[in-house]
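input.cif (mmCIF, C-alpha atoms)
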```cif
data_structure
loop_
_atom_site.group_PDB
_atom_site.id
_atom_site.type_symbol
_atom_site.label_atom_id
_atom_site.label_comp_id
_atom_site.auth_asym_id
_atom_site.auth_seq_id
_atom_site.Cartn_x
_atom_site.Cartn_y
_atom_site.Cartn_z
ATOM 1 C CA MET A 21 16.000 20.092 -15.017
ATOM 2 C CA ASP A 22 13.514 22.612 -13.611
ATOM 3 C CA ILE A 23 14.746 23.942 -10.247
ATOM 4 C CA ASN A 24 11.197 23.762 -8.840
ATOM 5 C CA LEU A 25 10.998 20.096 -9.792
ATOM 6 C CA ILE A 26 14.299 19.439 -8.006
ATOM 7 C CA LYS A 27 12.893 21.101 -4.884
ATOM 8 C CA GLU A 28 9.774 18.938 -5.086
ATOM 9 C CA LEU A 29 11.882 15.783 -5.441
ATOM 10 C CA ILE A 30 14.011 16.751 -2.457
ATOM 11 C CA LEU A 31 10.851 17.087 -0.367
ATOM 12 C CA THR A 32 8.697 14.234 -1.656
ATOM 13 C CA LEU A 33 11.055 11.321 -2.328
ATOM 14 C CA PRO A 34 12.560 11.029 1.190
ATOM 15 C CA ILE A 35 9.046 11.212 2.662
ATOM 16 C CA LEU A 36 7.843 8.499 0.279
ATOM 17 C CA PHE A 37 10.857 6.271 1.081
ATOM 18 C CA PHE A 38 10.334 6.693 4.824
ATOM 19 C CA SER A 39 6.589 6.043 4.537
ATOM 20 C CA VAL A 40 6.888 2.808 2.543
ATOM 21 C CA ILE A 41 9.655 1.583 4.856
ATOM 22 C CA LEU A 42 7.505 2.199 7.938
ATOM 23 C CA HIS A 43 4.632 0.462 6.140
ATOM 24 C CA GLU A 44 6.760 -2.677 5.771
ATOM 25 C CA CYS A 45 8.013 -2.415 9.354
ATOM 26 C CA GLY A 46 4.366 -2.322 10.429
ATOM 27 C CA HIS A 47 3.812 -5.696 8.774
ATOM 28 C CA GLY A 48 6.916 -7.149 10.418
ATOM 29 C CA ILE A 49 6.105 -5.840 13.892
ATOM 30 C CA VAL A 50 2.569 -7.253 13.845
ATOM 31 C CA ALA A 51 3.768 -10.577 12.406
ATOM 32 C CA TYR A 52 6.321 -10.834 15.232
ATOM 33 C CA LYS A 53 3.624 -10.027 17.793
ATOM 34 C CA TYR A 54 1.468 -12.857 16.428
ATOM 35 C CA GLY A 55 4.251 -15.444 16.427
ATOM 36 C CA ASP A 56 6.284 -15.068 13.206
ATOM 37 C CA PRO A 57 9.896 -13.912 13.842
ATOM 38 C CA THR A 58 10.939 -14.147 10.161
ATOM 39 C CA ALA A 59 11.170 -10.412 9.504
ATOM 40 C CA LYS A 60 12.935 -9.762 12.810
ATOM 41 C CA MET A 61 15.507 -12.521 12.222
ATOM 42 C CA LEU A 62 16.241 -11.155 8.745
ATOM 43 C CA GLY A 63 16.767 -7.653 10.097
ATOM 44 C CA ARG A 64 13.757 -6.197 8.290
ATOM 45 C CA ILE A 65 12.145 -4.499 11.292
ATOM 46 C CA THR A 66 14.410 -1.491 10.966
ATOM 47 C CA LEU A 67 14.271 2.090 9.704
ATOM 48 C CA ASN A 68 17.595 1.530 7.955
ATOM 49 C CA PRO A 69 16.487 1.943 4.321
ATOM 50 C CA ILE A 70 19.063 -0.402 2.757
ATOM 51 C CA PRO A 71 17.368 -3.766 3.608
ATOM 52 C CA HIS A 72 14.042 -2.389 2.322
ATOM 53 C CA ILE A 73 15.181 -1.058 -1.046
ATOM 54 C CA ASP A 74 13.568 -2.531 -4.140
ATOM 55 C CA ILE A 75 15.531 -1.100 -7.069
ATOM 56 C CA PHE A 76 12.489 -0.609 -9.292
ATOM 57 C CA GLY A 77 9.755 0.139 -6.736
ATOM 58 C CA THR A 78 11.801 2.262 -4.329
ATOM 59 C CA ILE A 79 14.068 4.162 -6.731
ATOM 60 C CA ILE A 80 13.358 3.912 -10.455
ATOM 61 C CA LEU A 81 9.544 4.177 -10.501
ATOM 62 C CA PRO A 82 9.213 7.039 -7.950
ATOM 63 C CA VAL A 83 11.899 9.091 -9.739
ATOM 64 C CA ILE A 84 10.313 8.512 -13.157
ATOM 65 C CA MET A 85 6.860 9.428 -11.855
ATOM 66 C CA ALA A 86 8.149 12.500 -10.026
ATOM 67 C CA ILE A 87 9.940 13.754 -13.160
ATOM 68 C CA THR A 88 7.106 13.023 -15.590
ATOM 69 C CA THR A 89 4.416 14.545 -13.348
ATOM 70 C CA GLY A 90 6.446 17.447 -12.026
ATOM 71 C CA GLY A 91 6.344 15.998 -8.529
ATOM 72 C CA LYS A 92 2.528 15.977 -8.445
ATOM 73 C CA ALA A 93 2.202 12.176 -8.446
ATOM 74 C CA VAL A 94 4.801 9.961 -6.803
ATOM 75 C CA PHE A 95 4.271 6.255 -6.281
ATOM 76 C CA GLY A 96 6.484 3.404 -5.145
ATOM 77 C CA TRP A 97 7.003 0.524 -2.761
ATOM 78 C CA ALA A 98 9.660 -1.085 -0.593
ATOM 79 C CA LYS A 99 10.808 -4.694 -0.741
ATOM 80 C CA PRO A 100 8.016 -6.688 0.941
ATOM 81 C CA VAL A 101 8.750 -7.851 4.475
ATOM 82 C CA PRO A 102 8.805 -11.676 4.543
ATOM 83 C CA VAL A 103 5.996 -13.227 6.568
ATOM 84 C CA ASN A 104 5.619 -16.970 7.102
ATOM 85 C CA PRO A 105 1.904 -17.502 7.843
ATOM 86 C CA PHE A 106 2.617 -21.015 9.178
ATOM 87 C CA ASN A 107 4.442 -19.427 12.130
ATOM 88 C CA LEU A 108 1.380 -17.378 13.051
ATOM 89 C CA ARG A 109 -0.800 -18.717 15.845
ATOM 90 C CA HIS A 110 -3.949 -18.446 13.721
ATOM 91 C CA PRO A 111 -2.624 -18.017 10.147
ATOM 92 C CA LYS A 112 -5.834 -17.078 8.346
ATOM 93 C CA ARG A 113 -7.034 -14.622 10.980
ATOM 94 C CA ASP A 114 -3.625 -13.238 11.920
ATOM 95 C CA MET A 115 -2.723 -12.396 8.318
ATOM 96 C CA ILE A 116 -5.567 -9.857 8.473
ATOM 97 C CA TRP A 117 -3.811 -8.126 11.388
ATOM 98 C CA VAL A 118 -0.435 -8.328 9.646
ATOM 99 C CA SER A 119 -1.941 -6.617 6.598
ATOM 100 C CA LEU A 120 -3.584 -3.977 8.764
ATOM 101 C CA GLY A 121 -0.227 -3.327 10.444
ATOM 102 C CA GLY A 122 1.169 -1.737 7.281
ATOM 103 C CA LEU A 123 -1.982 0.311 6.720
ATOM 104 C CA ALA A 124 -1.947 1.432 10.354
ATOM 105 C CA ALA A 125 1.621 2.705 9.960
ATOM 106 C CA ASN A 126 0.564 4.933 7.058
ATOM 107 C CA ILE A 127 -2.546 6.139 8.883
ATOM 108 C CA LEU A 128 -0.401 6.978 11.926
ATOM 109 C CA LEU A 129 1.998 9.016 9.776
ATOM 110 C CA ALA A 130 -0.959 10.784 8.133
ATOM 111 C CA CYS A 131 -2.334 11.652 11.578
ATOM 112 C CA ILE A 132 1.049 13.036 12.651
ATOM 113 C CA GLY A 133 1.105 15.092 9.464
ATOM 114 C CA ILE A 134 -2.327 16.631 10.035
ATOM 115 C CA VAL A 135 -1.681 17.376 13.728
ATOM 116 C CA VAL A 136 1.579 19.177 12.943
ATOM 117 C CA LEU A 137 -0.099 21.027 10.048
ATOM 118 C CA VAL A 138 -2.845 22.297 12.344
ATOM 119 C CA ILE A 139 -0.194 23.528 14.796
ATOM 120 C CA LEU A 140 1.858 25.173 12.036
ATOM 121 C CA SER A 141 -1.240 26.837 10.605
ATOM 122 C CA ARG A 142 -1.595 28.729 13.893
ATOM 123 C CA LEU A 143 2.041 29.886 14.089
ATOM 124 C CA PRO A 144 1.947 32.709 11.471
ATOM 125 C CA MET A 145 -0.749 34.420 13.537
ATOM 126 C CA MET A 146 1.619 34.409 16.528
ATOM 127 C CA ILE A 147 5.041 35.005 14.939
ATOM 128 C CA GLY A 148 4.192 36.414 11.521
ATOM 129 C CA GLU A 149 5.265 34.977 8.162
ATOM 130 C CA ASN A 150 8.264 32.672 8.495
ATOM 131 C CA GLN A 151 10.031 30.741 5.737
ATOM 132 C CA VAL A 152 10.984 27.874 8.045
ATOM 133 C CA VAL A 153 7.334 27.429 9.044
ATOM 134 C CA ASP A 154 6.344 27.436 5.364
ATOM 135 C CA VAL A 155 8.874 24.704 4.522
ATOM 136 C CA LEU A 156 7.824 22.608 7.510
ATOM 137 C CA ALA A 157 4.189 23.011 6.504
ATOM 138 C CA ARG A 158 4.962 21.681 3.011
ATOM 139 C CA ILE A 159 6.914 18.732 4.441
ATOM 140 C CA PHE A 160 4.096 17.685 6.766
ATOM 141 C CA ALA A 161 1.485 18.294 4.057
ATOM 142 C CA TYR A 162 3.400 15.853 1.853
ATOM 143 C CA LEU A 163 3.666 13.433 4.790
ATOM 144 C CA PHE A 164 -0.099 13.600 5.195
ATOM 145 C CA PHE A 165 -1.052 13.278 1.522
ATOM 146 C CA ILE A 166 1.499 10.593 0.638
ATOM 147 C CA ASN A 167 0.389 8.397 3.531
ATOM 148 C CA VAL A 168 -3.309 8.905 2.845
ATOM 149 C CA LEU A 169 -2.682 7.798 -0.741
ATOM 150 C CA LEU A 170 -0.476 4.866 0.306
ATOM 151 C CA ALA A 171 -3.112 3.651 2.767
ATOM 152 C CA THR A 172 -5.852 4.075 0.161
ATOM 153 C CA PHE A 173 -3.871 2.283 -2.534
ATOM 154 C CA ASN A 174 -2.852 -0.632 -0.323
ATOM 155 C CA PHE A 175 -6.401 -1.068 0.959
ATOM 156 C CA ILE A 176 -7.612 -1.862 -2.584
ATOM 157 C CA PRO A 177 -8.414 -5.622 -2.658
ATOM 158 C CA ILE A 178 -6.207 -6.649 -5.580
ATOM 159 C CA PRO A 179 -3.504 -9.257 -4.855
ATOM 160 C CA PRO A 180 -0.844 -8.712 -3.634
ATOM 161 C CA LEU A 181 -2.025 -5.434 -2.046
ATOM 162 C CA ASP A 182 -2.915 -5.510 1.654
ATOM 163 C CA GLY A 183 -6.625 -5.209 0.973
ATOM 164 C CA SER A 184 -6.547 -8.586 -0.760
ATOM 165 C CA ARG A 185 -4.971 -10.226 2.317
ATOM 166 C CA ILE A 186 -7.779 -8.849 4.425
ATOM 167 C CA VAL A 187 -10.383 -10.187 1.986
ATOM 168 C CA MET A 188 -8.664 -13.607 1.925
ATOM 169 C CA GLY A 189 -8.794 -13.731 5.705
ATOM 170 C CA LEU A 190 -12.505 -12.938 5.751
ATOM 171 C CA LEU A 191 -13.604 -15.279 2.961
ATOM 172 C CA PRO A 192 -14.384 -18.966 3.555
ATOM 173 C CA THR A 193 -11.287 -21.051 2.825
ATOM 174 C CA PRO A 194 -12.452 -22.459 -0.579
ATOM 175 C CA LEU A 195 -13.262 -18.960 -1.880
ATOM 176 C CA SER A 196 -10.086 -17.557 -0.347
ATOM 177 C CA GLN A 197 -7.990 -20.125 -2.212
ATOM 178 C CA LYS A 198 -9.666 -19.277 -5.516
ATOM 179 C CA TYR A 199 -9.196 -15.558 -4.869
ATOM 180 C CA ALA A 200 -5.486 -16.117 -4.112
ATOM 181 C CA ARG A 201 -5.012 -17.528 -7.625
ATOM 182 C CA LEU A 202 -5.302 -13.960 -8.946
ATOM 183 C CA GLU A 203 -1.986 -13.021 -7.334
ATOM 184 C CA PRO A 204 0.288 -13.880 -10.309
ATOM 185 C CA PHE A 205 -1.790 -11.441 -12.372
ATOM 186 C CA GLY A 206 -2.226 -8.861 -9.632
ATOM 187 C CA ILE A 207 0.585 -6.514 -10.594
ATOM 188 C CA ILE A 208 -0.640 -6.550 -14.206
ATOM 189 C CA ILE A 209 -4.137 -5.630 -13.021
ATOM 190 C CA VAL A 210 -2.713 -2.864 -10.823
ATOM 191 C CA PHE A 211 -0.738 -1.267 -13.653
ATOM 192 C CA ALA A 212 -3.691 -1.632 -16.037
ATOM 193 C CA LEU A 213 -5.940 0.200 -13.583
ATOM 194 C CA LEU A 214 -3.255 2.857 -13.106
ATOM 195 C CA TYR A 215 -3.032 3.300 -16.876
ATOM 196 C CA LEU A 216 -6.827 3.488 -17.241
ATOM 197 C CA GLY A 217 -7.039 6.147 -14.545
ATOM 198 C CA VAL A 218 -9.207 4.093 -12.178
ATOM 199 C CA PHE A 219 -6.936 4.810 -9.223
ATOM 200 C CA ASP A 220 -7.005 8.518 -10.072
ATOM 201 C CA ILE A 221 -10.763 8.485 -9.561
ATOM 202 C CA VAL A 222 -10.418 6.640 -6.238
ATOM 203 C CA PHE A 223 -7.715 9.025 -5.035
ATOM 204 C CA LYS A 224 -9.733 12.092 -6.065
ATOM 205 C CA VAL A 225 -12.717 10.827 -4.078
ATOM 206 C CA VAL A 226 -10.511 10.214 -1.030
ATOM 207 C CA LEU A 227 -8.841 13.625 -1.359
ATOM 208 C CA HIS A 228 -12.238 15.298 -1.732
ATOM 209 C CA ILE A 229 -13.288 13.692 1.548
ATOM 210 C CA VAL A 230 -10.003 14.842 3.098
ATOM 211 C CA MET A 231 -10.663 18.389 1.886
ATOM 212 C CA LEU A 232 -14.053 18.363 3.585
ATOM 213 C CA ILE A 233 -12.664 16.978 6.857
ATOM 214 C CA PHE A 234 -9.427 18.988 6.982
ATOM 215 C CA PRO A 235 -10.020 22.374 5.297
ATOM 216 C CA VAL A 236 -6.908 23.685 7.059
ATOM 217 C CA LEU A 237 -4.861 21.988 4.323
ATOM 218 C CA PHE A 238 -6.391 24.037 1.510
#
```
For this file, write the structure as structure tokens.
Amino acid sequence: MDINLIKELILTLPILFFSVILHECGHGIVAYKYGDPTAKMLGRITLNPIPHIDIFGTIILPVIMAITTGGKAVFGWAKPVPVNPFNLRHPKRDMIWVSLGGLAANILLACIGIVVLVILSRLPMMIGENQVVDVLARIFAYLFFINVLLATFNFIPIPPLDGSRIVMGLLPTPLSQKYARLEPFGIIIVFALLYLGVFDIVFKVVLHIVMLIFPVLF
């Protein structure tokens, strides 16, 4: 295996695992705040990766994608945190906030990434070229990009992605129920759109916007 690819895997996969785990914790924390203790009782509001591991989504798929794309495209997910909407004080409305909790976790990590990158970008001017600074810059660049992409992907309104939960919460109940019937086919739709390159277009648009807002990254 290419040594450069191994280096990329060492950097990207732990960041991806941590990011998807925090995404799920975000759902669990908000659900608990709004009255559903299911995730907390099952020990899912934790940074311990073991309860969150989905064999295919957390291990097999990210490794396959990292190897086949040379580390340039890595995608995966953690085992979904269980949420019982009937425990929520206002199930329809509160599920919107639960969905946003996962997205907020990724946006928070992306913000941490960009803040640290801005700081690191100033260091070479003060201390000269430094290999440790370079490695840290790559780590936080990956933290930023991975979480921007995770937030973008999960915001897409295809069941069971978070964007669909938000749409269901906003739609009138009859339309929401009809929309929810797409969920058994959602993962098929997601992979079809991935195969057709639709998500690539969405991600490129988002990254282009990021490039305009944060030129320090490029």
Fill in: Interatomic distance (Å, one decimal) between atom CA of Ala59 of chain A and atom CA of Pro100 of chain A
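Atom CA of Ala59 of chain A sits 9.9 Å away from atom CA of Pro100 of chain A.
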Mind running segment 151-172 of chain A against segment 210-225 of chain A at 10 Å and telling me each contacting residue's nearest atom pair with the distance in Å (one decimal), counting only C-alpha atoms, chain and number ascending, as CSV?
```
residue,atom,partner,partner_atom,distance
A:Val168,CA,A:Phe223,CA,9.0
A:Leu169,CA,A:Phe223,CA,6.7
A:Leu170,CA,A:Phe223,CA,9.9
A:Thr172,CA,A:Phe223,CA,7.4
```
If the box runs along x, y and z of the file and leaves 6 Å on each side of segment 110-126 of chain A, what are its centre and edge lengths in Å, one decimal, as JSON?
```
{"center_x": -2.7, "center_y": -6.8, "center_z": 10.2, "size_x": 20.7, "size_y": 35.4, "size_z": 19.1}
```
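For the file shown, the residue list from the PyMOL selection byres ((chain A and resi 60) around 10) reads A:Cys45, A:Gly48, A:Ile49, A:Ala51, A:Tyr52, A:Asp56, A:Pro57, A:Thr58, A:Ala59, A:Met61, A:Leu62, A:Gly63, A:Arg64, A:Ile65, A:Thr66, A:Val101, A:Pro102, A:Val103.
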Output as JSON lines one row per residue of segment 80-134 of chain A within 9 Å of segment 181-201 of chain A: the closest atom pair and its distance in Å to one decimal place, counting all atoms listed in the file, sorted by chain and residue number ascending.
```
{"residue": "A:Pro111", "atom": "CA", "partner": "A:Gly189", "partner_atom": "CA", "distance": 8.7}
{"residue": "A:Lys112", "atom": "CA", "partner": "A:Gly189", "partner_atom": "CA", "distance": 5.2}
{"residue": "A:Arg113", "atom": "CA", "partner": "A:Gly189", "partner_atom": "CA", "distance": 5.6}
{"residue": "A:Asp114", "atom": "CA", "partner": "A:Gly189", "partner_atom": "CA", "distance": 8.1}
{"residue": "A:Met115", "atom": "CA", "partner": "A:Gly189", "partner_atom": "CA", "distance": 6.7}
{"residue": "A:Ile116", "atom": "CA", "partner": "A:Ile186", "partner_atom": "CA", "distance": 4.7}
{"residue": "A:Trp117", "atom": "CA", "partner": "A:Ile186", "partner_atom": "CA", "distance": 8.0}
{"residue": "A:Val118", "atom": "CA", "partner": "A:Arg185", "partner_atom": "CA", "distance": 8.8}
{"residue": "A:Ser119", "atom": "CA", "partner": "A:Asp182", "partner_atom": "CA", "distance": 5.2}
{"residue": "A:Leu120", "atom": "CA", "partner": "A:Asp182", "partner_atom": "CA", "distance": 7.3}
{"residue": "A:Gly122", "atom": "CA", "partner": "A:Asp182", "partner_atom": "CA", "distance": 7.9}
{"residue": "A:Leu123", "atom": "CA", "partner": "A:Asp182", "partner_atom": "CA", "distance": 7.8}
```
Emit the selected residues as a PDB file, in the frame of the given file, including C-alpha atoms.
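Output file out_1.pdb is given in full below:
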```
ATOM      1  CA  PRO A 111      -2.624 -18.017  10.147  1.00  0.00           C
ATOM      2  CA  LYS A 112      -5.834 -17.078   8.346  1.00  0.00           C
ATOM      3  CA  ARG A 113      -7.034 -14.622  10.980  1.00  0.00           C
ATOM      4  CA  ASP A 114      -3.625 -13.238  11.920  1.00  0.00           C
ATOM      5  CA  MET A 115      -2.723 -12.396   8.318  1.00  0.00           C
ATOM      6  CA  ILE A 116      -5.567  -9.857   8.473  1.00  0.00           C
ATOM      7  CA  TRP A 117      -3.811  -8.126  11.388  1.00  0.00           C
ATOM      8  CA  VAL A 118      -0.435  -8.328   9.646  1.00  0.00           C
ATOM      9  CA  SER A 119      -1.941  -6.617   6.598  1.00  0.00           C
ATOM     10  CA  LEU A 120      -3.584  -3.977   8.764  1.00  0.00           C
ATOM     11  CA  GLY A 122       1.169  -1.737   7.281  1.00  0.00           C
ATOM     12  CA  LEU A 123      -1.982   0.311   6.720  1.00  0.00           C
TER      13      LEU A 123
END
```
Response to the item:
As a check of understanding: the span from atom CA of Thr78 of chain A to atom CA of Ala98 of chain A is 5.5 Å
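Restricting the calculation to only C-alpha atoms, the smallest distance between Glu28 of chain A and any of A:Leu42, A:Val83, A:Val138, A:Leu202 is found for A:Val83.
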Item to complete: Grab the atom CA of Thr32 of chain A to atom CA of Ala130 of chain A distance for me, in Å with one decimal place.
Response: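 Between atom CA of Thr32 of chain A and atom CA of Ala130 of chain A the gap works out to 14.2 Å.
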Fill in: Residues selected by the PyMOL selection byres ((chain A and resi 164) around 8), written as an MDAnalysis selection string
chainID A and resid 129:134 160:163 165:168
Filtering to C-alpha atoms, could you give me those residues as a JSON list (two decimals), keeping the file's coordinate frame?
```
[["chain", "number", "residue", "atom", "x", "y", "z"],
["A", 129, "LEU", "CA", 2.00, 9.02, 9.78],
["A", 130, "ALA", "CA", -0.96, 10.78, 8.13],
["A", 131, "CYS", "CA", -2.33, 11.65, 11.58],
["A", 132, "ILE", "CA", 1.05, 13.04, 12.65],
["A", 133, "GLY", "CA", 1.10, 15.09, 9.46],
["A", 134, "ILE", "CA", -2.33, 16.63, 10.04],
["A", 160, "PHE", "CA", 4.10, 17.68, 6.77],
["A", 161, "ALA", "CA", 1.48, 18.29, 4.06],
["A", 162, "TYR", "CA", 3.40, 15.85, 1.85],
["A", 163, "LEU", "CA", 3.67, 13.43, 4.79],
["A", 165, "PHE", "CA", -1.05, 13.28, 1.52],
["A", 166, "ILE", "CA", 1.50, 10.59, 0.64],
["A", 167, "ASN", "CA", 0.39, 8.40, 3.53],
["A", 168, "VAL", "CA", -3.31, 8.90, 2.84]]
```
Worksheet item: When distances are computed from only C-alpha atoms, which of A:Leu137, A:Ile41, A:Lys53, A:Gly77 shows the smallest separation from Ile159 of chain A?
Response: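 Of the candidates, the smallest distance to Ile159 of chain A is held by A:Leu137.
Compared by their closest atoms to Phe76 of chain A, and using all atoms listed in the file, the residues A:Ile35, A:Lys99, A:Val136, A:Arg109 rank with A:Lys99 nearest.
For segment 139-142 of chain A, the list of residues within 7 Å, based on all atoms listed in the file and with local chain neighbours fewer than 3 positions off taken out, reads Val135, Val136, Met145, Val153 and Ala157 of chain A.
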Worksheet item: Looking at A:Ala171, A:Ile87, A:Ala124, A:Val155, which one is nearest to Leu29 of chain A, with distances taken over all atoms listed in the file?
Response: A:Ile87
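Proximity ranking of A:Phe106, A:Phe205, A:Phe37, A:Tyr54 relative to His72 of chain A places A:Phe37 first, based on only C-alpha atoms.
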Discussion item. Just checking: using all atoms listed in the file, which residue out of A:Leu36, A:Leu227, A:Met85, A:Ile233 ends up closest to Asn126 of chain A?
Written reply: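 Residue with the minimum atom-to-atom distance to Asn126 of chain A: A:Leu36.
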